[in-house]
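*Asks:* Sharing a structure below in structure tokens format, with a few things to ask.
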Amino acid sequence: MLGDAWTLVILRDSFHGVTKFDDFHKSLGIARNTLSDRLTNLVEAGVLTKEFYQDNPPRYEYLLTDMGHDLFPAIAALLAWGDRWLGNGDGPPVGLYHRPCGHDAQVDVVCGHCRQSLADDDVQFVKGSGYPDVVTEGGDFRDRLALVPGGEGGEPQGRRKAF
């Protein structure tokens, strides 16, 4: 669902308040048929909802659903990653200001239990209760998961290489 670049920039624009087809088209410079396809996919997936707003001609706007709003932490994390690794040294092109506390926000993925920052080499991937018995699409990667927390397996790539 999120595997192509257009979907991510459509979501970015959605979080920036863009809701109308023509505004997405103008912002992104994407082919109309491609934009229509990506918006339809996001609506069918439940990330956006399509709401009627005009009769003549019939027009719709695309609004984030609760499922879509829940993608914000992932989008914010990608923004922070880009600021760190792809910037030109002039600072972030887009900042996040946290209105409730009145400060610039720093994106940090934390453990919901201890509130410590998460890093890939601090976690273990464990087979969850919802992992299907039979995988019909894509690769079956259960052999890369630990069967129980703290058990064997589920180790992320641990080597870090600076460049």
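Ligands are numbered from 1 in the order shown, residues from 1 within each chain, and chains are lettered A, B, ... in the order they appear in the structure tokens.
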For range 83-86 of chain A, work out the shell of residues within 12 Å, counting only C-alpha atoms and skipping chain neighbours fewer than 3 positions away, then give it as an MDAnalysis selection string.
*Replies:* chainID A and resid 76:80 89:96 106:107 162:163
*Asks:* Using only C-alpha atoms, which protein or nucleic acid residues come within 12 Å of Val110 in chain A? Drop anything in the same chain fewer than 6 positions from it, and give the result as a list of chain:residue names.
*Replies:*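 What passes the distance filter is A:Pro73, A:Ala77, A:Gln116, A:Ser117, A:Leu118, A:Ala119, A:Asp120, A:Asp122, A:Val123.
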*Asks:* Near Lys127 in chain A, counting only C-alpha atoms, which residues have an atom at most 12 Å away, once you skip same-chain residues fewer than 2 positions from it, shown as a PyMOL selection string?
*Replies:* chain A and resi 124-125+129-133+140-154
*Asks:* Do a neighbour search on Leu11 in chain A at 9 Å with only C-alpha atoms, toss out local chain neighbours closer than 6 positions, and write the hits as JSON, numbers by chain.
*Replies:* {"A": [64, 68, 71, 75]}
*Asks:* Kindly give the distance, in Å, that separates CA of Gly46 in chain A and CA of Leu2 in chain A, rounded to a single decimal.
*Replies:* 12.4 Å
*Asks:* Given the choices A:Met67, A:Ala5, A:Val109, A:Cys101, which gets closest to Glu44 in chain A if the distance is worked out from only C-alpha atoms?
*Replies:*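 Using only C-alpha atoms, Glu44 in chain A sits closest to A:Met67.
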*Asks:* What does the structure give for the distance between CA of His69 in chain A and CA of Thr7 in chain A, in Å to one decimal?
*Replies:*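 Between these atoms lies a distance of 14.5 Å.
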*Asks:* So what do you get for CA of Leu35 in chain A versus CA of Arg12 in chain A, distance-wise?
*Replies:*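 Taking CA of Leu35 in chain A and CA of Arg12 in chain A, their separation equals 13.9 Å.
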*Asks:* Set the distance at 12 Å and use only C-alpha atoms: which residues neighbour Thr34 in chain A once local chain neighbours fewer than 3 positions away are removed? I'd like the list as a VMD selection string.
*Replies:* chain A and resid 4 to 7 10 21 24 to 25 28 to 31 37 to 41
*Asks:* Residues of the last selection are to be written out with all heavy atoms, as a CSV table (one decimal), in the first residue's frame.
*Replies:*
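That gives us out33.csv:
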chain,number,residue,atom,x,y,z
A,4,ASP,N,5.1,2.8,-3.1
A,4,ASP,CA,5.7,3.6,-4.2
A,4,ASP,C,5.8,5.1,-3.7
A,4,ASP,O,5.2,5.5,-2.8
A,4,ASP,CB,4.8,3.5,-5.5
A,4,ASP,CG,3.4,4.2,-5.2
A,4,ASP,OD1,3.3,5.4,-5.3
A,4,ASP,OD2,2.5,3.4,-4.9
A,5,ALA,N,6.7,5.8,-4.4
A,5,ALA,CA,7.0,7.1,-4.0
A,5,ALA,C,5.8,8.1,-4.0
A,5,ALA,O,5.6,9.0,-3.2
A,5,ALA,CB,8.1,7.7,-4.8
A,6,TRP,N,4.9,7.9,-5.0
A,6,TRP,CA,3.8,8.8,-5.1
A,6,TRP,C,2.9,8.7,-3.9
A,6,TRP,O,2.3,9.7,-3.4
A,6,TRP,CB,3.0,8.5,-6.4
A,6,TRP,CG,3.7,9.0,-7.6
A,6,TRP,CD1,4.1,8.2,-8.7
A,6,TRP,CD2,4.1,10.3,-7.9
A,6,TRP,NE1,4.7,8.9,-9.6
A,6,TRP,CE2,4.7,10.2,-9.2
A,6,TRP,CE3,4.0,11.5,-7.3
A,6,TRP,CZ2,5.3,11.3,-9.8
A,6,TRP,CZ3,4.6,12.6,-7.9
A,6,TRP,CH2,5.2,12.5,-9.2
A,7,THR,N,2.7,7.5,-3.4
A,7,THR,CA,1.8,7.3,-2.2
A,7,THR,C,2.3,8.1,-1.0
A,7,THR,O,1.6,8.8,-0.3
A,7,THR,CB,1.6,5.9,-1.9
A,7,THR,OG1,1.0,5.2,-3.0
A,7,THR,CG2,0.7,5.7,-0.7
A,10,ILE,N,1.8,11.9,-1.6
A,10,ILE,CA,0.3,12.2,-1.4
A,10,ILE,C,0.0,12.2,0.0
A,10,ILE,O,-0.7,13.2,0.5
A,10,ILE,CB,-0.5,11.1,-2.2
A,10,ILE,CG1,-0.4,11.3,-3.7
A,10,ILE,CG2,-2.0,11.2,-1.7
A,10,ILE,CD1,-1.0,10.1,-4.5
A,21,PHE,N,-8.4,16.9,-5.5
A,21,PHE,CA,-7.6,16.3,-6.6
A,21,PHE,C,-6.8,17.3,-7.3
A,21,PHE,O,-5.6,17.1,-7.5
A,21,PHE,CB,-8.6,15.6,-7.5
A,21,PHE,CG,-8.0,14.8,-8.6
A,21,PHE,CD1,-7.7,13.5,-8.5
A,21,PHE,CD2,-7.5,15.4,-9.8
A,21,PHE,CE1,-7.1,12.7,-9.5
A,21,PHE,CE2,-6.9,14.7,-10.8
A,21,PHE,CZ,-6.7,13.4,-10.6
A,24,PHE,N,-3.7,18.3,-5.3
A,24,PHE,CA,-2.7,17.3,-5.3
A,24,PHE,C,-2.0,17.3,-6.6
A,24,PHE,O,-0.7,17.3,-6.7
A,24,PHE,CB,-3.3,15.9,-5.1
A,24,PHE,CG,-3.7,15.5,-3.7
A,24,PHE,CD1,-5.0,15.4,-3.4
A,24,PHE,CD2,-2.7,15.3,-2.7
A,24,PHE,CE1,-5.4,15.0,-2.1
A,24,PHE,CE2,-3.0,15.0,-1.5
A,24,PHE,CZ,-4.4,14.8,-1.1
A,25,HIS,N,-2.7,17.4,-7.7
A,25,HIS,CA,-2.1,17.4,-9.1
A,25,HIS,C,-1.2,18.6,-9.2
A,25,HIS,O,-0.1,18.4,-9.7
A,25,HIS,CB,-3.2,17.4,-10.1
A,25,HIS,CG,-2.7,17.4,-11.5
A,25,HIS,ND1,-2.7,18.5,-12.3
A,25,HIS,CD2,-2.2,16.4,-12.2
A,25,HIS,CE1,-2.2,18.2,-13.5
A,25,HIS,NE2,-1.9,16.9,-13.5
A,28,LEU,N,2.0,18.1,-6.9
A,28,LEU,CA,2.9,17.0,-7.2
A,28,LEU,C,3.4,16.9,-8.7
A,28,LEU,O,4.4,16.3,-8.9
A,28,LEU,CB,2.3,15.7,-6.8
A,28,LEU,CG,1.8,15.6,-5.3
A,28,LEU,CD1,1.0,14.3,-5.1
A,28,LEU,CD2,3.1,15.6,-4.4
A,29,GLY,N,2.6,17.5,-9.6
A,29,GLY,CA,3.0,17.4,-11.0
A,29,GLY,C,2.9,15.9,-11.5
A,29,GLY,O,3.5,15.5,-12.4
A,30,ILE,N,2.0,15.1,-10.9
A,30,ILE,CA,1.8,13.7,-11.2
A,30,ILE,C,0.8,13.6,-12.3
A,30,ILE,O,-0.1,14.4,-12.4
A,30,ILE,CB,1.4,13.0,-9.9
A,30,ILE,CG1,1.2,11.5,-10.1
A,30,ILE,CG2,0.1,13.6,-9.3
A,30,ILE,CD1,0.9,10.7,-8.8
A,31,ALA,N,0.9,12.6,-13.1
A,31,ALA,CA,-0.1,12.3,-14.2
A,31,ALA,C,-1.4,12.1,-13.5
A,31,ALA,O,-1.5,11.5,-12.5
A,31,ALA,CB,0.3,11.1,-15.0
A,37,ASP,N,-5.3,6.7,-9.6
A,37,ASP,CA,-5.1,5.4,-9.1
A,37,ASP,C,-4.6,5.3,-7.7
A,37,ASP,O,-5.1,4.5,-6.9
A,37,ASP,CB,-4.1,4.7,-10.1
A,37,ASP,CG,-3.7,3.3,-9.7
A,37,ASP,OD1,-4.6,2.5,-9.6
A,37,ASP,OD2,-2.5,3.1,-9.4
A,38,ARG,N,-3.6,6.2,-7.3
A,38,ARG,CA,-3.1,6.2,-6.0
A,38,ARG,C,-4.1,6.6,-4.9
A,38,ARG,O,-4.2,6.0,-3.9
A,38,ARG,CB,-1.8,7.1,-5.9
A,38,ARG,CG,-0.7,6.7,-6.7
A,38,ARG,CD,-0.3,5.2,-6.6
A,38,ARG,NE,0.9,4.8,-7.3
A,38,ARG,CZ,0.9,4.6,-8.6
A,38,ARG,NH1,-0.2,4.6,-9.4
A,38,ARG,NH2,2.1,4.3,-9.2
A,39,LEU,N,-4.9,7.6,-5.3
A,39,LEU,CA,-6.0,8.1,-4.3
A,39,LEU,C,-7.0,7.0,-4.1
A,39,LEU,O,-7.4,6.7,-3.0
A,39,LEU,CB,-6.6,9.3,-4.8
A,39,LEU,CG,-5.8,10.6,-4.7
A,39,LEU,CD1,-6.4,11.8,-5.5
A,39,LEU,CD2,-5.5,11.0,-3.3
A,40,THR,N,-7.4,6.3,-5.2
A,40,THR,CA,-8.4,5.2,-5.1
A,40,THR,C,-7.8,4.1,-4.3
A,40,THR,O,-8.5,3.5,-3.4
A,40,THR,CB,-8.7,4.7,-6.6
A,40,THR,OG1,-9.3,5.7,-7.3
A,40,THR,CG2,-9.6,3.5,-6.5
A,41,ASN,N,-6.5,3.8,-4.4
A,41,ASN,CA,-5.9,2.7,-3.6
A,41,ASN,C,-5.9,3.1,-2.1
A,41,ASN,O,-6.2,2.3,-1.3
A,41,ASN,CB,-4.5,2.4,-4.0
A,41,ASN,CG,-4.4,1.7,-5.4
A,41,ASN,OD1,-5.4,1.2,-5.9
A,41,ASN,ND2,-3.2,1.7,-6.0
*Asks:* Return as a tab-separated table (two decimals) with N, CA and C atoms, in the first residue's frame the full set of residues in range 4-137 of chain A whose backbone-based DSSP assignment is strand (DSSP E or B).
*Replies:*
chain	number	residue	atom	x	y	z
A	20	LYS	N	-8.00	18.26	-2.17
A	20	LYS	CA	-8.68	18.21	-3.47
A	20	LYS	C	-7.77	17.68	-4.56
A	48	LEU	N	-7.54	6.99	3.38
A	48	LEU	CA	-8.27	8.22	3.05
A	48	LEU	C	-9.74	7.88	2.87
A	49	THR	N	-10.56	8.89	3.01
A	49	THR	CA	-11.97	8.74	2.67
A	49	THR	C	-12.29	9.78	1.60
A	50	LYS	N	-13.20	9.44	0.71
A	50	LYS	CA	-13.58	10.31	-0.40
A	50	LYS	C	-14.92	10.94	-0.06
A	51	GLU	N	-14.92	12.27	0.09
A	51	GLU	CA	-16.13	12.99	0.50
A	51	GLU	C	-16.58	13.93	-0.62
A	52	PHE	N	-17.86	13.86	-0.94
A	52	PHE	CA	-18.46	14.73	-1.95
A	52	PHE	C	-18.52	16.16	-1.42
A	53	TYR	N	-18.12	17.16	-2.23
A	53	TYR	CA	-18.21	18.55	-1.78
A	53	TYR	C	-18.80	19.51	-2.81
A	54	GLN	N	-19.01	19.07	-4.06
A	54	GLN	CA	-19.54	20.00	-5.07
A	54	GLN	C	-20.37	19.24	-6.09
A	59	ARG	N	-17.46	16.99	-7.52
A	59	ARG	CA	-16.09	17.01	-7.01
A	59	ARG	C	-16.04	16.37	-5.64
A	60	TYR	N	-14.89	15.81	-5.33
A	60	TYR	CA	-14.67	15.13	-4.06
A	60	TYR	C	-13.39	15.65	-3.43
A	61	GLU	N	-13.32	15.52	-2.12
A	61	GLU	CA	-12.05	15.77	-1.45
A	61	GLU	C	-11.65	14.48	-0.74
A	62	TYR	N	-10.37	14.38	-0.50
A	62	TYR	CA	-9.78	13.18	0.09
A	62	TYR	C	-9.26	13.54	1.47
A	63	LEU	N	-9.86	12.93	2.49
A	63	LEU	CA	-9.55	13.26	3.87
A	63	LEU	C	-8.93	12.06	4.57
A	64	LEU	N	-7.97	12.35	5.45
A	64	LEU	CA	-7.35	11.28	6.23
A	64	LEU	C	-8.37	10.65	7.18
A	97	TYR	N	6.47	21.85	14.94
A	97	TYR	CA	6.28	22.64	16.15
A	97	TYR	C	5.17	22.00	16.97
A	98	HIS	N	5.45	21.63	18.20
A	98	HIS	CA	4.48	20.95	19.06
A	98	HIS	C	3.67	22.02	19.80
A	103	HIS	N	7.13	24.07	21.78
A	103	HIS	CA	8.53	23.87	21.40
A	103	HIS	C	8.60	23.13	20.07
A	104	ASP	N	9.78	23.23	19.44
A	104	ASP	CA	10.03	22.42	18.25
A	104	ASP	C	10.04	20.96	18.66
A	110	VAL	N	9.81	5.64	20.77
A	110	VAL	CA	10.15	5.17	22.11
A	110	VAL	C	9.34	3.92	22.46
A	117	SER	N	14.26	5.48	24.03
A	117	SER	CA	14.33	5.52	22.57
A	117	SER	C	14.59	4.13	22.02
A	126	VAL	N	9.76	-10.78	16.98
A	126	VAL	CA	9.15	-11.98	17.55
A	126	VAL	C	7.88	-12.31	16.76
